[in-house]
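Data block for run38.txt (compact mmCIF, C-alpha atoms (C1' of nucleotides)):
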```
# COMPACT_ATOMS: atom_id res chain seq x y z
CA MET A 112 -17.78 23.87 41.38
CA THR A 113 -14.31 22.73 40.48
CA LYS A 114 -12.96 19.76 38.62
CA SER A 115 -12.22 16.58 40.47
CA PRO A 116 -9.28 14.44 39.30
CA GLN A 117 -11.67 12.18 37.44
CA ASP A 118 -14.22 14.60 36.14
CA PRO A 119 -16.62 12.88 33.70
CA ARG A 120 -16.09 15.78 31.34
CA ASP A 121 -12.58 14.50 30.85
CA ARG A 122 -13.97 11.48 29.15
CA THR A 123 -12.33 10.49 25.91
CA TYR A 124 -13.40 8.30 23.03
CA SER A 125 -11.72 5.72 20.85
CA ILE A 126 -11.89 6.04 17.12
CA SER A 127 -14.41 3.27 16.68
CA GLU A 128 -16.64 4.73 19.36
CA LEU A 129 -16.91 7.93 17.41
CA ALA A 130 -17.20 6.09 14.14
CA GLY A 131 -20.10 4.12 15.56
CA GLU A 132 -21.82 7.11 17.04
CA PHE A 133 -21.70 9.16 13.86
CA ASP A 134 -22.04 6.26 11.48
CA VAL A 135 -18.85 6.80 9.53
CA SER A 136 -15.82 4.53 9.12
CA SER A 137 -12.66 4.78 11.17
CA ARG A 138 -10.87 5.33 7.90
CA THR A 139 -12.97 8.42 7.35
CA ILE A 140 -12.00 9.88 10.69
CA ARG A 141 -8.35 9.17 10.06
CA PHE A 142 -8.72 10.77 6.69
CA TYR A 143 -9.98 13.94 8.34
CA GLU A 144 -6.90 13.88 10.48
CA GLU A 145 -4.69 13.59 7.40
CA LYS A 146 -6.41 16.68 6.09
CA ARG A 147 -5.71 18.37 9.41
CA LEU A 148 -9.33 18.86 10.30
CA ILE A 149 -8.93 17.17 13.64
CA SER A 150 -5.94 16.34 15.85
CA PRO A 151 -6.56 13.88 18.66
CA LYS A 152 -3.92 13.10 21.24
CA ARG A 153 -2.42 9.65 21.47
CA GLY A 154 -2.81 7.36 24.44
CA LYS A 155 -1.59 3.88 25.34
CA GLY A 156 0.12 2.21 22.43
CA ASN A 157 -0.09 5.29 20.26
CA GLN A 158 -3.85 4.98 20.00
CA ARG A 159 -5.94 8.03 19.23
CA ARG A 160 -7.98 9.43 22.09
CA TYR A 161 -10.70 11.92 21.24
CA THR A 162 -11.79 14.52 23.78
CA LYS A 163 -15.27 16.04 23.94
CA ARG A 164 -13.88 18.95 22.03
CA ASP A 165 -12.60 16.64 19.30
CA ARG A 166 -15.97 15.00 19.23
CA ALA A 167 -17.73 18.33 18.78
CA ARG A 168 -15.39 19.15 15.98
CA LEU A 169 -16.13 15.92 14.18
CA LYS A 170 -19.79 16.67 14.53
CA LEU A 171 -19.25 20.05 12.94
CA ILE A 172 -17.29 18.53 10.07
CA LEU A 173 -20.04 16.05 9.32
CA ARG A 174 -22.69 18.71 9.57
CA GLY A 175 -20.78 20.84 7.10
CA LYS A 176 -20.54 17.89 4.76
CA ARG A 177 -24.25 17.40 4.80
CA PHE A 178 -24.59 20.89 3.40
CA GLY A 179 -22.29 20.17 0.53
CA TYR A 180 -19.24 21.95 1.87
CA SER A 181 -15.95 20.44 0.76
CA LEU A 182 -13.44 19.41 3.38
CA ASP A 183 -11.27 22.34 2.35
CA GLU A 184 -14.09 24.77 2.98
CA ILE A 185 -14.81 23.14 6.29
CA ALA A 186 -11.16 23.45 7.18
CA GLU A 187 -11.47 27.18 6.67
CA MET A 188 -14.54 27.42 8.81
CA ILE A 189 -12.90 25.44 11.54
CA GLY A 190 -9.82 27.56 11.31
CA MET A 191 -12.07 30.35 12.43
CA THR A 192 -12.75 28.66 15.73
CA ASP A 193 -9.03 28.17 16.30
CA VAL A 194 -8.01 31.76 16.10
CA ASP A 195 -5.09 32.79 18.21
CA PHE A 196 -7.06 34.54 20.87
CA ASN A 197 -4.55 37.32 21.30
CA GLU A 198 -3.99 38.60 17.80
CA VAL A 199 -6.31 41.51 17.19
CA ASP A 200 -5.96 41.39 13.43
CA GLN A 201 -6.66 37.70 13.36
CA ILE A 202 -9.77 38.25 15.40
CA LYS A 203 -10.98 40.98 13.11
CA LYS A 204 -10.34 38.89 10.03
CA SER A 205 -12.20 36.03 11.58
CA LEU A 206 -15.15 38.25 12.33
CA VAL A 207 -15.34 39.35 8.72
CA TYR A 208 -15.09 35.77 7.56
CA GLY A 209 -17.76 34.78 10.06
CA GLU A 210 -20.10 37.43 8.74
CA LYS A 211 -19.72 36.02 5.27
CA LYS A 212 -20.51 32.53 6.47
CA LEU A 213 -23.53 33.76 8.38
CA ALA A 214 -24.87 35.48 5.29
CA GLU A 215 -24.31 32.27 3.35
CA ILE A 216 -26.17 30.24 5.90
CA ARG A 217 -29.11 32.59 5.89
CA ASN A 218 -29.20 32.37 2.14
CA ARG A 219 -29.32 28.65 2.32
CA ILE A 220 -32.15 28.72 4.77
CA GLU A 221 -34.07 30.92 2.35
CA GLU A 222 -33.38 28.56 -0.51
CA LEU A 223 -34.51 25.60 1.50
CA ARG A 224 -37.75 27.41 2.19
CA LEU A 225 -38.17 27.85 -1.55
CA LEU A 226 -37.51 24.19 -2.13
CA GLU A 227 -40.00 23.29 0.54
CA HIS A 228 -42.51 25.52 -1.16
CA ASP A 229 -41.90 23.86 -4.53
CA LEU A 230 -42.41 20.43 -3.08
CA LEU A 231 -45.59 21.51 -1.34
CA ASN A 232 -46.90 22.71 -4.68
CA VAL A 233 -46.14 19.41 -6.36
CA LYS A 234 -47.82 17.64 -3.49
CA ALA A 235 -50.94 19.75 -3.76
CA ARG A 236 -51.20 19.08 -7.47
CA LEU A 237 -50.80 15.36 -6.98
CA GLU A 238 -53.45 15.27 -4.29
CA GLY A 239 -55.79 17.28 -6.48
CA ARG A 240 -55.24 14.81 -9.26
CA LEU A 241 -56.05 11.94 -6.93
CA VAL A 242 -59.38 13.46 -5.97
CA GLN A 243 -60.16 14.01 -9.61
CA ILE A 244 -59.44 10.42 -10.53
CA GLU A 245 -61.62 9.19 -7.71
CA ALA A 246 -64.46 11.40 -8.90
CA GLU A 247 -64.12 10.04 -12.41
CA SER A 248 -64.12 6.43 -11.38
CA ALA A 249 -67.07 7.04 -9.08
CA SER A 250 -69.10 8.48 -11.94
CA THR A 251 -68.51 5.45 -14.15
CA GLU A 252 -69.23 2.79 -11.57
CA MET B 54 -55.70 34.94 -22.97
CA THR B 55 -54.50 32.34 -25.42
CA LYS B 56 -51.14 31.61 -26.94
CA SER B 57 -50.14 33.37 -30.11
CA PRO B 58 -47.97 31.49 -32.62
CA GLN B 59 -44.87 33.23 -31.27
CA ASP B 60 -45.60 33.41 -27.60
CA PRO B 61 -42.55 34.65 -25.66
CA ARG B 62 -43.07 31.79 -23.26
CA ASP B 63 -41.98 29.51 -26.07
CA ARG B 64 -38.51 30.97 -25.82
CA THR B 65 -35.68 28.51 -25.79
CA TYR B 66 -32.06 28.74 -24.74
CA SER B 67 -28.79 27.52 -26.12
CA ILE B 68 -26.47 25.53 -23.94
CA SER B 69 -24.02 28.38 -23.43
CA GLU B 70 -26.80 30.77 -22.54
CA LEU B 71 -27.79 28.54 -19.68
CA ALA B 72 -24.18 27.85 -18.78
CA GLY B 73 -23.57 31.57 -18.59
CA GLU B 74 -26.67 32.29 -16.59
CA PHE B 75 -26.00 29.65 -13.99
CA ASP B 76 -22.25 29.91 -14.07
CA VAL B 77 -21.47 26.33 -14.94
CA SER B 78 -19.69 24.89 -17.96
CA SER B 79 -21.43 23.51 -21.03
CA ARG B 80 -19.72 20.27 -20.27
CA THR B 81 -21.48 20.18 -16.94
CA ILE B 82 -24.88 20.59 -18.55
CA ARG B 83 -24.13 17.89 -21.09
CA PHE B 84 -22.99 15.69 -18.27
CA TYR B 85 -26.34 16.10 -16.58
CA GLU B 86 -27.92 14.99 -19.81
CA GLU B 87 -25.73 11.88 -19.90
CA LYS B 88 -27.00 11.12 -16.43
CA ARG B 89 -30.54 11.61 -17.72
CA LEU B 90 -31.32 14.51 -15.46
CA ILE B 91 -32.38 16.70 -18.33
CA SER B 92 -33.41 16.02 -21.93
CA PRO B 93 -33.50 19.03 -24.23
CA LYS B 94 -34.82 18.78 -27.78
CA ARG B 95 -32.51 19.31 -30.71
CA GLY B 96 -32.83 22.18 -33.18
CA LYS B 97 -30.95 23.24 -36.30
CA GLY B 98 -27.83 21.20 -36.83
CA ASN B 99 -28.60 18.88 -33.96
CA GLN B 100 -28.02 21.61 -31.40
CA ARG B 101 -29.63 21.43 -28.00
CA ARG B 102 -32.53 23.78 -27.34
CA TYR B 103 -33.64 24.25 -23.75
CA THR B 104 -37.20 25.25 -22.96
CA LYS B 105 -38.23 27.21 -19.89
CA ARG B 106 -39.12 23.91 -18.33
CA ASP B 107 -35.65 22.57 -19.02
CA ARG B 108 -34.22 25.72 -17.54
CA ALA B 109 -36.28 25.32 -14.38
CA ARG B 110 -35.07 21.79 -14.10
CA LEU B 111 -31.45 22.79 -14.38
CA LYS B 112 -32.05 25.34 -11.67
CA LEU B 113 -33.46 22.64 -9.45
CA ILE B 114 -30.49 20.37 -10.13
CA LEU B 115 -28.04 23.07 -9.17
CA ARG B 116 -29.99 23.97 -6.09
CA GLY B 117 -29.96 20.35 -5.02
CA LYS B 118 -26.22 20.26 -5.54
CA ARG B 119 -25.72 23.21 -3.28
CA PHE B 120 -27.31 21.20 -0.50
CA GLY B 121 -24.93 18.36 -1.00
CA TYR B 122 -27.29 16.02 -2.81
CA SER B 123 -25.61 13.70 -5.27
CA LEU B 124 -26.79 13.65 -8.85
CA ASP B 125 -28.33 10.27 -8.24
CA GLU B 126 -30.37 11.61 -5.37
CA ILE B 127 -31.42 14.57 -7.44
CA ALA B 128 -32.46 12.23 -10.20
CA GLU B 129 -34.81 10.57 -7.76
CA MET B 130 -36.29 13.84 -6.63
CA ILE B 131 -36.79 14.94 -10.18
CA GLY B 132 -38.37 11.65 -11.04
CA MET B 133 -41.06 12.68 -8.61
CA THR B 134 -42.01 15.69 -10.69
CA ASP B 135 -42.33 13.51 -13.78
CA VAL B 136 -44.90 11.14 -12.45
CA ASP B 137 -47.31 9.68 -14.92
CA PHE B 138 -50.27 11.77 -14.03
CA ASN B 139 -52.77 8.96 -14.49
CA GLU B 140 -51.38 6.14 -12.44
CA VAL B 141 -52.95 6.24 -9.02
CA ASP B 142 -50.32 4.04 -7.45
CA GLN B 143 -47.54 6.11 -8.87
CA ILE B 144 -49.14 9.22 -7.46
CA LYS B 145 -49.48 7.69 -4.06
CA LYS B 146 -45.90 6.52 -4.06
CA SER B 147 -44.77 9.94 -5.08
CA LEU B 148 -46.71 11.50 -2.25
CA VAL B 149 -45.02 9.26 0.27
CA TYR B 150 -41.63 10.03 -1.22
CA GLY B 151 -42.46 13.72 -1.18
CA GLU B 152 -43.31 13.57 2.50
CA LYS B 153 -39.94 12.06 3.21
CA LYS B 154 -38.19 14.78 1.29
CA LEU B 155 -40.17 17.47 3.06
CA ALA B 156 -39.20 16.07 6.42
CA GLU B 157 -35.60 16.01 5.28
CA ILE B 158 -35.74 19.61 4.21
CA ARG B 159 -37.23 20.71 7.49
CA ASN B 160 -34.48 18.87 9.29
CA ARG B 161 -31.89 20.65 7.28
CA ILE B 162 -33.43 23.99 8.04
CA GLU B 163 -33.22 23.13 11.72
CA GLU B 164 -29.60 22.11 11.40
CA LEU B 165 -28.75 25.29 9.61
CA ARG B 166 -30.31 27.24 12.44
CA LEU B 167 -28.05 25.35 14.84
CA LEU B 168 -25.03 26.13 12.72
CA GLU B 169 -26.04 29.77 12.62
CA HIS B 170 -26.34 29.70 16.36
CA ASP B 171 -22.88 28.20 16.75
CA LEU B 172 -21.33 30.82 14.56
CA LEU B 173 -23.10 33.59 16.45
CA ASN B 174 -21.61 32.25 19.64
CA VAL B 175 -18.12 32.23 18.22
CA LYS B 176 -18.68 35.74 16.99
CA ALA B 177 -19.81 36.96 20.38
CA ARG B 178 -16.78 35.46 22.05
CA LEU B 179 -14.44 37.05 19.55
CA GLU B 180 -16.04 40.43 19.99
CA GLY B 181 -15.86 40.12 23.73
CA ARG B 182 -12.19 39.30 23.45
CA LEU B 183 -11.65 42.39 21.31
CA VAL B 184 -13.20 44.66 23.91
CA GLN B 185 -11.06 43.04 26.56
CA ILE B 186 -7.87 43.60 24.62
CA GLU B 187 -8.77 47.22 24.08
CA ALA B 188 -9.36 47.69 27.77
CA GLU B 189 -5.99 46.14 28.59
CA SER B 190 -4.07 48.29 26.17
CA ALA B 191 -5.90 51.40 27.39
CA SER B 192 -4.85 50.69 30.97
CA THR B 193 -1.18 50.40 30.04
CA GLU B 194 -0.96 53.49 27.88
C1' DG C 239 0.10 -16.51 27.93
C1' DG C 240 -2.91 -17.33 24.24
C1' DG C 241 -6.84 -15.73 21.83
C1' DT C 242 -9.38 -12.12 19.92
C1' DA C 243 -10.79 -7.68 19.22
C1' DC C 244 -9.12 -3.24 18.41
C1' DT C 245 -5.67 -0.14 16.50
C1' DA C 246 -1.79 1.93 13.40
C1' DT C 247 0.48 2.78 9.16
C1' DG C 248 1.11 2.32 4.45
C1' DA C 249 -0.34 1.71 -0.21
C1' DC C 250 -3.22 0.95 -3.86
C1' DG C 251 -8.23 0.95 -5.71
C1' DT C 252 -12.65 3.20 -6.62
C1' DT C 253 -16.35 6.43 -7.75
C1' DA C 254 -18.65 10.80 -8.72
C1' DA C 255 -18.39 14.85 -11.15
C1' DC C 256 -16.67 17.00 -13.95
C1' DG C 257 -12.12 19.16 -17.02
C1' DT C 258 -9.74 19.08 -21.20
C1' DA C 259 -8.46 18.18 -25.75
C1' DA C 260 -9.18 16.43 -30.47
C1' DA C 261 -11.65 16.35 -34.59
C1' DC C 262 -15.43 17.84 -36.81
C1' DG C 263 -20.16 20.16 -38.25
C1' DT C 264 -23.04 24.58 -38.60
C1' DG C 265 -24.61 29.38 -39.02
C1' DA C 266 -24.10 34.11 -39.30
C1' DT C 267 -21.35 37.61 -41.17
C1' DA C 268 -17.95 40.38 -43.65
C1' DT D 246 -16.35 31.91 -49.47
C1' DA D 247 -13.51 32.38 -45.72
C1' DT D 248 -13.55 33.28 -41.05
C1' DC D 249 -15.34 33.18 -36.96
C1' DA D 250 -18.07 31.78 -32.82
C1' DC D 251 -20.51 28.26 -31.36
C1' DG D 252 -22.01 23.55 -31.28
C1' DT D 253 -21.36 18.20 -31.55
C1' DT D 254 -19.32 13.54 -30.05
C1' DT D 255 -15.59 10.71 -28.28
C1' DA D 256 -12.26 9.77 -25.19
C1' DC D 257 -8.98 10.20 -21.85
C1' DG D 258 -7.42 12.93 -17.49
C1' DT D 259 -8.15 14.73 -12.85
C1' DT D 260 -9.53 15.47 -8.07
C1' DA D 261 -11.92 14.74 -3.70
C1' DA D 262 -13.23 11.53 -0.50
C1' DC D 263 -13.00 7.85 0.90
C1' DG D 264 -12.80 1.96 0.52
C1' DT D 265 -10.02 -1.94 0.87
C1' DC D 266 -6.45 -4.67 1.59
C1' DA D 267 -1.93 -6.10 3.92
C1' DT D 268 1.01 -6.10 7.72
C1' DA D 269 1.99 -5.45 12.27
C1' DG D 270 1.61 -3.66 17.12
C1' DT D 271 -1.40 -3.58 21.40
C1' DA D 272 -4.90 -4.51 25.07
C1' DC D 273 -7.90 -6.68 27.55
C1' DC D 274 -9.79 -11.18 29.23
C1' DC D 275 -9.86 -15.92 30.83
```
Is it possible to express this structure as structure tokens?
Amino acid sequence: MTKSPQDPRDRTYSISELAGEFDVSSRTIRFYEEKRLISPKRGKGNQRRYTKRDRARLKLILRGKRFGYSLDEIAEMIGMTDVDFNEVDQIKKSLVYGEKKLAEIRNRIEELRLLEHDLLNVKARLEGRLVQIEAESASTE
Amino acid sequence: MTKSPQDPRDRTYSISELAGEFDVSSRTIRFYEEKRLISPKRGKGNQRRYTKRDRARLKLILRGKRFGYSLDEIAEMIGMTDVDFNEVDQIKKSLVYGEKKLAEIRNRIEELRLLEHDLLNVKARLEGRLVQIEAESASTE
DNA sequence: GGGTACTATGACGTTAACGTAAACGTGATA
DNA sequence: TATCACGTTTACGTTAACGTCATAGTACCC
């Protein structure tokens, strides 16, 4: 299986296509470019063309944001995926950094479980209270 | 088991105690008060005294922040825990809201798993590359 | 080739979430 | 009672992350 001249995987996107898909403004995407988080090529008339890879990157940025990471932190994380694939030291550093991030993520998952647990408790108490109120009103009818 | 006049559970905290414990500034805690996220009583000389309940609330606020929730969103969530315990409609509304939040949390857990997965992939590729480099250098020694 | 819909580049505006500094009160302690 | 360490309010400053123009080029369609 080789690539034909017009492989569908070579598809690119305009800025507003991506903006629409991910529900952010074009300005936002350009802003990410200013901050060097993403670097699309330019096509006809100097317009930005985003590859699938660019698209995946944007997705990652937005995902990071949803977890409260700042753009600077995300830039670091992304840097990790852009390691010069030949520099041994770089690779080793990236692995260490990656381990840290993994630990962080696992921590967050744990914390979310705790939060879920808290909310379930509140819910149980509220439901209990509802039953109680019903019982009371039934006894006074 | 009843409460003695000086039950240790009645312990309160000063603002800097909490600030120290949670590693935020006093200003930050006061700011949360401005935004009505927390409402400590005042003690001697008009100083803020935080109960265990206040402390738990602060913890919740900070946890929410770590997940990228804005203070306004956190205010809403907290509102849920302060429901008037006698208003049936309020309780029902809170339950619906709680369900939404639970779904959100479960989504986030899923997304974090995906992120973890992505990072593990990157890691595997980097490690593979390391082995490859070693093999190359060994063959040219 | 004229309209219209999209895009690019500035540049300034806005908002949330604090930081920082001033000016002052309070409480324990030497 | 003077000196701290800590607290209070008020107010202005700062930064990240965009929003919102204005101005101008471009592209596709009839």
Quiz item: Quick one: which residues from chain D are at most 12 Å off chain B, using all atoms listed in the file, as an MDAnalysis selection string?
Solution: chainID D and resid 250:254
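Excluding A:Arg219 itself and same-chain residues fewer than 3 positions from it, the residues having an atom within 12 Å of it are Phe178, Gly179, Lys212, Leu213, Ala214, Glu215, Ile216, Glu222, Leu223, Arg224, Leu225 and Leu226 of chain A; Arg116, Gly117, Lys118, Arg119, Phe120, Gly121, Ile158, Arg161, Ile162, Glu163, Glu164, Leu165, Arg166, Leu168 and Glu169 of chain B, counting all atoms listed in the file.
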What are the residues of chain B that have an atom within 8 Å of an atom of chain C, counting all atoms listed in the file, as a PDB file with C-alpha atoms, in the frame of the given file?
```
ATOM      1  CA  ARG B  80     -19.720  20.270 -20.270  1.00  0.00           C
ATOM      2  CA  THR B  81     -21.480  20.180 -16.940  1.00  0.00           C
ATOM      3  CA  PHE B  84     -22.990  15.690 -18.270  1.00  0.00           C
ATOM      4  CA  GLY B  98     -27.830  21.200 -36.830  1.00  0.00           C
TER       5      GLY B  98
END
```
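The interatomic distance for the pair atom C1' of D:DC263 and atom CA of A:Leu182 works out to 11.8 Å.
You will find atom CA of B:Gln185 at 14.2 Å from atom CA of A:Asp200.
Taking atom CA of B:Asp76 and atom CA of B:Leu111 as the two end points, the separation is 11.6 Å.
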Quiz item: What lies within 12 Å of A:Lys211 using all atoms listed in the file, ignoring chain neighbours under 4 positions off, as a count of residues only?
Solution: 14
